[in-house]
$ cat final-v7.pdb   # PDB, C-alpha atoms, pLDDT in the B column
ATOM      1  CA  MET W  24      25.370 -18.848 -46.599  1.00 54.00           C
ATOM      2  CA  ASN W  25      21.647 -19.213 -47.278  1.00 70.00           C
ATOM      3  CA  ASN W  26      21.705 -22.970 -46.563  1.00 74.00           C
ATOM      4  CA  ASN W  27      23.521 -22.295 -43.318  1.00 78.00           C
ATOM      5  CA  THR W  28      20.867 -19.758 -42.285  1.00 83.00           C
ATOM      6  CA  ASN W  29      18.084 -22.166 -43.199  1.00 84.00           C
ATOM      7  CA  GLY W  30      19.780 -24.905 -41.178  1.00 84.00           C
ATOM      8  CA  ILE W  31      20.092 -22.677 -38.127  1.00 90.00           C
ATOM      9  CA  ALA W  32      16.460 -21.599 -38.419  1.00 88.00           C
ATOM     10  CA  ALA W  33      15.337 -25.232 -38.766  1.00 89.00           C
ATOM     11  CA  ALA W  34      17.420 -26.236 -35.730  1.00 90.00           C
ATOM     12  CA  ARG W  35      15.914 -23.378 -33.688  1.00 91.00           C
ATOM     13  CA  GLN W  36      12.422 -24.382 -34.785  1.00 92.00           C
ATOM     14  CA  ALA W  37      13.064 -28.019 -33.844  1.00 92.00           C
ATOM     15  CA  HIS W  38      14.447 -26.969 -30.443  1.00 92.00           C
ATOM     16  CA  SER W  39      11.446 -24.721 -29.827  1.00 91.00           C
ATOM     17  CA  THR W  40       9.085 -27.551 -30.774  1.00 94.00           C
ATOM     18  CA  ARG W  41      10.831 -29.943 -28.353  1.00 94.00           C
ATOM     19  CA  CYS W  42      10.623 -27.354 -25.574  1.00 93.00           C
ATOM     20  CA  ARG W  43       6.933 -26.788 -26.278  1.00 94.00           C
ATOM     21  CA  GLN W  44       6.296 -30.537 -26.096  1.00 95.00           C
ATOM     22  CA  ARG W  45       8.175 -30.759 -22.771  1.00 95.00           C
ATOM     23  CA  VAL W  46       6.151 -27.854 -21.366  1.00 94.00           C
ATOM     24  CA  LEU W  47       2.855 -29.419 -22.440  1.00 94.00           C
ATOM     25  CA  ALA W  48       3.919 -32.799 -21.012  1.00 95.00           C
ATOM     26  CA  ALA W  49       5.018 -31.166 -17.743  1.00 94.00           C
ATOM     27  CA  LEU W  50       1.697 -29.324 -17.502  1.00 92.00           C
ATOM     28  CA  GLU W  51      -0.280 -32.490 -18.162  1.00 93.00           C
ATOM     29  CA  GLN W  52       1.785 -34.418 -15.609  1.00 92.00           C
ATOM     30  CA  ALA W  53       1.408 -31.719 -12.941  1.00 90.00           C
ATOM     31  CA  VAL W  54      -2.359 -31.639 -13.430  1.00 88.00           C
ATOM     32  CA  HIS W  55      -2.549 -35.448 -13.389  1.00 87.00           C
ATOM     33  CA  LEU W  56      -0.434 -35.730 -10.202  1.00 87.00           C
ATOM     34  CA  GLY W  57      -2.126 -32.784  -8.513  1.00 83.00           C
ATOM     35  CA  THR W  58       1.197 -30.978  -7.983  1.00 86.00           C
ATOM     36  CA  GLU W  59       1.795 -27.244  -8.149  1.00 86.00           C
ATOM     37  CA  VAL W  60       0.772 -25.589 -11.403  1.00 89.00           C
ATOM     38  CA  SER W  61       2.559 -22.268 -11.815  1.00 90.00           C
ATOM     39  CA  ILE W  62       4.814 -20.675 -14.396  1.00 92.00           C
ATOM     40  CA  SER W  63       7.924 -21.421 -12.316  1.00 92.00           C
ATOM     41  CA  ALA W  64       6.926 -24.984 -11.425  1.00 93.00           C
ATOM     42  CA  ILE W  65       6.067 -25.960 -15.010  1.00 94.00           C
ATOM     43  CA  ALA W  66       9.213 -24.317 -16.419  1.00 94.00           C
ATOM     44  CA  ARG W  67      11.307 -26.157 -13.839  1.00 94.00           C
ATOM     45  CA  ARG W  68       9.590 -29.486 -14.547  1.00 93.00           C
ATOM     46  CA  ALA W  69       9.994 -29.017 -18.340  1.00 93.00           C
ATOM     47  CA  GLY W  70      13.616 -27.925 -18.053  1.00 94.00           C
ATOM     48  CA  VAL W  71      13.058 -24.588 -19.771  1.00 94.00           C
ATOM     49  CA  ASP W  72      13.533 -21.023 -18.671  1.00 93.00           C
ATOM     50  CA  ARG W  73      10.437 -19.149 -17.471  1.00 91.00           C
ATOM     51  CA  SER W  74      11.018 -16.612 -20.228  1.00 93.00           C
ATOM     52  CA  PHE W  75      10.226 -19.373 -22.733  1.00 92.00           C
ATOM     53  CA  LEU W  76       6.687 -19.505 -21.334  1.00 90.00           C
ATOM     54  CA  TYR W  77       6.373 -15.729 -21.394  1.00 91.00           C
ATOM     55  CA  ARG W  78       7.547 -15.601 -25.025  1.00 93.00           C
ATOM     56  CA  HIS W  79       4.962 -18.209 -26.043  1.00 92.00           C
ATOM     57  CA  SER W  80       1.694 -16.643 -24.964  1.00 91.00           C
ATOM     58  CA  ASP W  81      -0.347 -19.759 -25.748  1.00 93.00           C
ATOM     59  CA  LEU W  82       1.758 -21.844 -23.335  1.00 92.00           C
ATOM     60  CA  HIS W  83       1.670 -19.061 -20.745  1.00 93.00           C
ATOM     61  CA  ALA W  84      -2.125 -18.857 -21.008  1.00 92.00           C
ATOM     62  CA  ALA W  85      -2.448 -22.656 -20.788  1.00 92.00           C
ATOM     63  CA  VAL W  86      -0.432 -22.747 -17.544  1.00 92.00           C
ATOM     64  CA  LEU W  87      -2.440 -19.884 -16.026  1.00 90.00           C
ATOM     65  CA  LEU W  88      -5.689 -21.530 -17.080  1.00 88.00           C
ATOM     66  CA  LYS W  89      -4.727 -24.860 -15.499  1.00 86.00           C
ATOM     67  CA  ALA W  90      -3.479 -23.089 -12.361  1.00 85.00           C
ATOM     68  CA  ALA W  91      -6.877 -21.431 -11.943  1.00 82.00           C
ATOM     69  CA  GLU W  92      -8.836 -24.647 -12.441  1.00 78.00           C
ATOM     70  CA  PRO W  93      -9.919 -26.680  -9.442  1.00 67.00           C
ATOM     71  CA  THR W  94      -7.706 -29.669  -8.754  1.00 63.00           C
ATOM     72  CA  THR W  95      -9.158 -33.087  -9.450  1.00 57.00           C
ATOM     73  CA  ALA W  96     -10.413 -34.783  -6.329  1.00 49.00           C
ATOM     74  CA  LYS W  97      -8.663 -38.079  -5.570  1.00 55.00           C
ATOM     75  CA  ALA W  98     -11.216 -39.512  -3.138  1.00 50.00           C
ATOM     76  CA  GLY W  99     -14.381 -38.563  -4.990  1.00 53.00           C
ATOM     77  CA  GLY W 100     -14.929 -35.479  -2.834  1.00 56.00           C
ATOM     78  CA  PRO W 101     -15.485 -31.973  -4.113  1.00 58.00           C
ATOM     79  CA  SER W 102     -12.642 -30.428  -6.078  1.00 63.00           C
ATOM     80  CA  VAL W 103     -11.101 -27.184  -4.875  1.00 66.00           C
ATOM     81  CA  SER W 104      -8.466 -24.808  -6.134  1.00 68.00           C
ATOM     82  CA  ARG W 105      -5.453 -23.649  -4.174  1.00 70.00           C
ATOM     83  CA  PRO W 106      -6.638 -20.000  -4.126  1.00 74.00           C
ATOM     84  CA  SER W 107      -9.990 -21.068  -2.681  1.00 75.00           C
ATOM     85  CA  LEU W 108      -8.222 -23.075   0.022  1.00 77.00           C
ATOM     86  CA  VAL W 109      -6.022 -20.087   0.864  1.00 81.00           C
ATOM     87  CA  ALA W 110      -9.107 -17.865   1.062  1.00 83.00           C
ATOM     88  CA  ASP W 111     -10.884 -20.420   3.271  1.00 85.00           C
ATOM     89  CA  LEU W 112      -7.861 -20.579   5.572  1.00 87.00           C
ATOM     90  CA  ALA W 113      -7.701 -16.780   5.858  1.00 89.00           C
ATOM     91  CA  ASN W 114     -11.425 -16.647   6.618  1.00 90.00           C
ATOM     92  CA  ALA W 115     -11.013 -19.365   9.256  1.00 90.00           C
ATOM     93  CA  HIS W 116      -8.199 -17.405  10.916  1.00 93.00           C
ATOM     94  CA  ASP W 117     -10.332 -14.256  10.931  1.00 92.00           C
ATOM     95  CA  ARG W 118     -13.242 -16.175  12.423  1.00 92.00           C
ATOM     96  CA  ILE W 119     -11.028 -17.702  15.126  1.00 94.00           C
ATOM     97  CA  THR W 120      -9.742 -14.243  16.037  1.00 94.00           C
ATOM     98  CA  ARG W 121     -13.265 -12.845  16.190  1.00 93.00           C
ATOM     99  CA  LEU W 122     -14.552 -15.778  18.268  1.00 93.00           C
ATOM    100  CA  SER W 123     -11.605 -15.522  20.665  1.00 95.00           C
ATOM    101  CA  ARG W 124     -12.356 -11.835  21.188  1.00 95.00           C
ATOM    102  CA  GLU W 125     -16.049 -12.559  21.782  1.00 94.00           C
ATOM    103  CA  ASN W 126     -15.152 -15.404  24.141  1.00 94.00           C
ATOM    104  CA  ALA W 127     -12.976 -13.048  26.201  1.00 95.00           C
ATOM    105  CA  GLN W 128     -15.838 -10.538  26.372  1.00 95.00           C
ATOM    106  CA  PHE W 129     -18.282 -13.235  27.498  1.00 94.00           C
ATOM    107  CA  ARG W 130     -15.862 -14.462  30.166  1.00 95.00           C
ATOM    108  CA  GLN W 131     -15.462 -10.914  31.446  1.00 95.00           C
ATOM    109  CA  ARG W 132     -19.222 -10.398  31.570  1.00 94.00           C
ATOM    110  CA  LEU W 133     -19.764 -13.757  33.308  1.00 94.00           C
ATOM    111  CA  SER W 134     -17.095 -12.904  35.859  1.00 93.00           C
ATOM    112  CA  GLU W 135     -18.707  -9.534  36.536  1.00 91.00           C
ATOM    113  CA  HIS W 136     -22.152 -11.111  36.799  1.00 91.00           C
ATOM    114  CA  LEU W 137     -20.977 -13.783  39.225  1.00 90.00           C
ATOM    115  CA  GLY W 138     -19.104 -11.156  41.225  1.00 86.00           C
ATOM    116  CA  GLU W 139     -22.223  -8.986  41.473  1.00 82.00           C
ATOM    117  CA  GLN W 140     -24.301 -11.998  42.479  1.00 84.00           C
ATOM    118  CA  VAL W 141     -21.865 -12.889  45.277  1.00 84.00           C
ATOM    119  CA  TRP W 142     -21.757  -9.233  46.308  1.00 78.00           C
ATOM    120  CA  ARG W 143     -25.563  -9.044  46.576  1.00 76.00           C
ATOM    121  CA  GLU W 144     -25.881 -12.390  48.363  1.00 80.00           C
ATOM    122  CA  SER W 145     -23.330 -11.261  50.940  1.00 79.00           C
ATOM    123  CA  GLY W 146     -25.613  -8.390  51.926  1.00 69.00           C
ATOM    124  CA  LEU W 147     -23.030  -5.836  50.973  1.00 70.00           C
ATOM    125  CA  GLY W 148     -24.682  -4.948  47.645  1.00 61.00           C
ATOM    126  CA  ALA W 149     -23.996  -1.640  45.963  1.00 60.00           C
ATOM    127  CA  PRO W 150     -26.544   1.179  46.020  1.00 61.00           C
ATOM    128  CA  ASP W 151     -29.235   1.177  43.321  1.00 63.00           C
ATOM    129  CA  ASN W 152     -27.729   3.993  41.250  1.00 76.00           C
ATOM    130  CA  VAL W 153     -24.443   2.064  40.927  1.00 77.00           C
ATOM    131  CA  ASP W 154     -26.400  -1.024  39.873  1.00 76.00           C
ATOM    132  CA  ARG W 155     -28.240   1.049  37.264  1.00 84.00           C
ATOM    133  CA  LEU W 156     -24.931   2.384  35.937  1.00 87.00           C
ATOM    134  CA  HIS W 157     -23.526  -1.155  35.756  1.00 87.00           C
ATOM    135  CA  ARG W 158     -26.586  -2.290  33.784  1.00 89.00           C
ATOM    136  CA  ARG W 159     -26.157   0.647  31.404  1.00 91.00           C
ATOM    137  CA  VAL W 160     -22.462  -0.169  30.952  1.00 93.00           C
ATOM    138  CA  THR W 161     -23.412  -3.782  30.211  1.00 94.00           C
ATOM    139  CA  GLU W 162     -25.990  -2.654  27.638  1.00 95.00           C
ATOM    140  CA  LEU W 163     -23.434  -0.400  25.955  1.00 95.00           C
ATOM    141  CA  GLU W 164     -20.872  -3.225  25.907  1.00 95.00           C
ATOM    142  CA  GLN W 165     -23.453  -5.486  24.274  1.00 95.00           C
ATOM    143  CA  GLN W 166     -24.218  -2.837  21.657  1.00 95.00           C
ATOM    144  CA  THR W 167     -20.504  -2.371  21.014  1.00 94.00           C
ATOM    145  CA  ALA W 168     -19.991  -6.124  20.632  1.00 93.00           C
ATOM    146  CA  GLU W 169     -22.915  -6.294  18.187  1.00 94.00           C
ATOM    147  CA  GLN W 170     -21.535  -3.375  16.192  1.00 95.00           C
ATOM    148  CA  HIS W 171     -18.110  -5.051  16.073  1.00 93.00           C
ATOM    149  CA  ARG W 172     -19.766  -8.234  14.830  1.00 93.00           C
ATOM    150  CA  GLN W 173     -21.663  -6.314  12.138  1.00 94.00           C
ATOM    151  CA  LEU W 174     -18.486  -4.474  11.141  1.00 93.00           C
ATOM    152  CA  SER W 175     -16.647  -7.784  10.872  1.00 92.00           C
ATOM    153  CA  GLU W 176     -19.420  -9.154   8.633  1.00 93.00           C
ATOM    154  CA  ARG W 177     -19.182  -6.058   6.437  1.00 93.00           C
ATOM    155  CA  ASP W 178     -15.409  -6.499   6.257  1.00 92.00           C
ATOM    156  CA  ASP W 179     -15.912 -10.131   5.190  1.00 91.00           C
ATOM    157  CA  GLU W 180     -18.397  -9.033   2.518  1.00 92.00           C
ATOM    158  CA  LEU W 181     -16.024  -6.318   1.335  1.00 91.00           C
ATOM    159  CA  ASP W 182     -13.128  -8.809   1.153  1.00 91.00           C
ATOM    160  CA  ALA W 183     -15.296 -11.200  -0.863  1.00 90.00           C
ATOM    161  CA  ALA W 184     -16.313  -8.401  -3.238  1.00 90.00           C
ATOM    162  CA  ARG W 185     -12.678  -7.364  -3.659  1.00 92.00           C
ATOM    163  CA  ALA W 186     -11.663 -10.954  -4.408  1.00 90.00           C
ATOM    164  CA  ALA W 187     -14.433 -11.280  -6.990  1.00 89.00           C
ATOM    165  CA  ASN W 188     -13.373  -7.982  -8.543  1.00 90.00           C
ATOM    166  CA  ARG W 189      -9.725  -9.139  -8.731  1.00 90.00           C
ATOM    167  CA  GLU W 190     -10.812 -12.398 -10.349  1.00 89.00           C
ATOM    168  CA  LEU W 191     -12.960 -10.583 -12.906  1.00 88.00           C
ATOM    169  CA  MET W 192     -10.158  -8.146 -13.712  1.00 90.00           C
ATOM    170  CA  THR W 193      -7.734 -11.057 -14.115  1.00 88.00           C
ATOM    171  CA  ARG W 194     -10.118 -12.772 -16.494  1.00 85.00           C
ATOM    172  CA  LEU W 195     -10.712  -9.593 -18.456  1.00 87.00           C
ATOM    173  CA  ASN W 196      -6.995  -8.861 -18.732  1.00 88.00           C
ATOM    174  CA  ARG W 197      -6.024 -12.446 -19.648  1.00 82.00           C
ATOM    175  CA  PRO W 198      -5.322 -12.792 -23.369  1.00 75.00           C
ATOM    176  CA  HIS W 199      -7.887 -14.904 -25.177  1.00 67.00           C
ATOM    177  CA  PRO W 200      -6.483 -18.158 -26.660  1.00 66.00           C
ATOM    178  CA  ASP W 201      -7.448 -17.112 -30.198  1.00 66.00           C
ATOM    179  CA  GLY W 202      -5.366 -13.953 -29.836  1.00 60.00           C
ATOM    180  CA  CYS W 203      -8.255 -11.537 -29.422  1.00 59.00           C
ATOM    181  CA  ASN W 204      -8.786  -9.565 -26.251  1.00 55.00           C
ATOM    182  CA  HIS W 205     -12.234  -9.399 -24.708  1.00 53.00           C
TER     183      HIS W 205
END
$ encode --input "final-v7.pdb" --output "structure tokens"
Amino acid sequence: MNNNTNGIAAARQAHSTRCRQRVLAALEQAVHLGTEVSISAIARRAGVDRSFLYRHSDLHAAVLLKAAEPTTAKAGGPSVSRPSLVADLANAHDRITRLSRENAQFRQRLSEHLGEQVWRESGLGAPDNVDRLHRRVTELEQQTAEQHRQLSERDDELDAARAANRELMTRLNRPHPDGCNH
């Protein structure tokens, strides 16, 4: 019985070693080719179950580490990571939304200004107190637009601070390769 148990244990160890080698090769290949580096993608490429990576914390940490690293640039340009590209895209969408809103406000103000100019040149201009009220409304709209812009900047700063905080917490909570926690 003891020889049988030793044989089974040796076979399991050999299988585990082969799986580890396939995972490391899959990780190296994914990094080299610039393809997706994630737990699922590497497990799929290596032909192992994701639970294998979770059971072997050193392999799990290696995949997460490579996933967080910037990808190697093919054309000699700067290297970027997928999360930074996603963040840049989200920021670009926010900026487009903000600029579209400001553009609409400027068009409205230009239309009003041109309308007032035509109104005055026609000789049918509004009384002075209405003009004063229109100027005050315009000033308040400008202040509102500026406050919206400042609020948007604060939101961007807050989002950046939250992202940095998440990254720091992820790093702090990630097991250290030597088995010690920070």
$ closest_residue --input "final-v7.pdb" --among "W:Arg124, W:Arg67, W:Arg43, W:Arg197" --to "Ser175 of chain W" --atoms "only C-alpha atoms"
W:Arg124
$ atom_distance --input "final-v7.pdb" --atom1 "atom CA of Arg73 of chain W" --atom2 "atom CA of Gly30 of chain W"
26.1 Å
$ closest_residue --input "final-v7.pdb" --among "W:Asp81, W:Leu174, W:Glu190, W:Leu156" --to "Ser107 of chain W" --atoms "only C-alpha atoms"
W:Glu190
$ atom_distance --input "final-v7.pdb" --atom1 "atom CA of Asn29 of chain W" --atom2 "atom CA of Gly70 of chain W"
26.2 Å
$ atom_distance --input "final-v7.pdb" --atom1 "atom CA of Ala187 of chain W" --atom2 "atom CA of Asp111 of chain W"
14.2 Å
$ closest_residue --input "final-v7.pdb" --among "W:Ser134, W:Thr58, W:Ser123, W:Asn27" --to "Arg105 of chain W" --atoms "only C-alpha atoms"
W:Thr58
$ residues_around --input "final-v7.pdb" --residues "segment 82-86 of chain W" --least-positions-apart "6" --cutoff "8 Å" --atoms "only C-alpha atoms" --output "compact mmCIF listing (two decimals) with C-alpha atoms, in the coordinates of the input"
# COMPACT_ATOMS: atom_id res chain seq x y z
CA ARG W 43 6.93 -26.79 -26.28
CA VAL W 46 6.15 -27.85 -21.37
CA LEU W 47 2.86 -29.42 -22.44
CA LEU W 50 1.70 -29.32 -17.50
CA VAL W 60 0.77 -25.59 -11.40
CA SER W 61 2.56 -22.27 -11.82
CA ILE W 62 4.81 -20.68 -14.40
CA ILE W 65 6.07 -25.96 -15.01
CA LEU W 76 6.69 -19.50 -21.33
CA ARG W 197 -6.02 -12.45 -19.65
CA PRO W 198 -5.32 -12.79 -23.37
CA PRO W 200 -6.48 -18.16 -26.66
$ closest_residue --input "final-v7.pdb" --among "W:Asn114, W:Gln140, W:Gln131, W:Gln165" --to "Ala183 of chain W" --atoms "all atoms listed in the file"
W:Asn114
$ axis_aligned_box --input "final-v7.pdb" --around "segment 192-199 of chain W" --padding-each-side "6 Å" --output "JSON"
{"center_x": -8.0, "center_y": -11.5, "center_z": -19.4, "size_x": 17.4, "size_y": 18.8, "size_z": 23.5}
$ residues_around --input "final-v7.pdb" --residues "Phe75 of chain W" --least-positions-apart "3" --cutoff "9 Å" --atoms "all atoms listed in the file" --output "PyMOL selection string"
chain W and resi 39+42-43+66+71-72+78-79+82-83
$ residues_around --input "final-v7.pdb" --residues "Arg68 of chain W" --least-positions-apart "5" --cutoff "10 Å" --atoms "all atoms listed in the file" --output "MDAnalysis selection string"
chainID W and resid 45:46 48:50 52:53 63
$ residues_around --input "final-v7.pdb" --residues "Glu169 of chain W" --least-positions-apart "5" --cutoff "12 Å" --atoms "only C-alpha atoms" --output "list in words"
Arg121, Glu125, Gln128, Glu162, Leu163, Glu164, Leu174, Ser175 and Glu176 of chain W
$ closest_residue --input "final-v7.pdb" --among "W:Arg132, W:Arg35, W:Lys89, W:Arg172" --to "Glu51 of chain W" --atoms "all atoms listed in the file"
W:Lys89
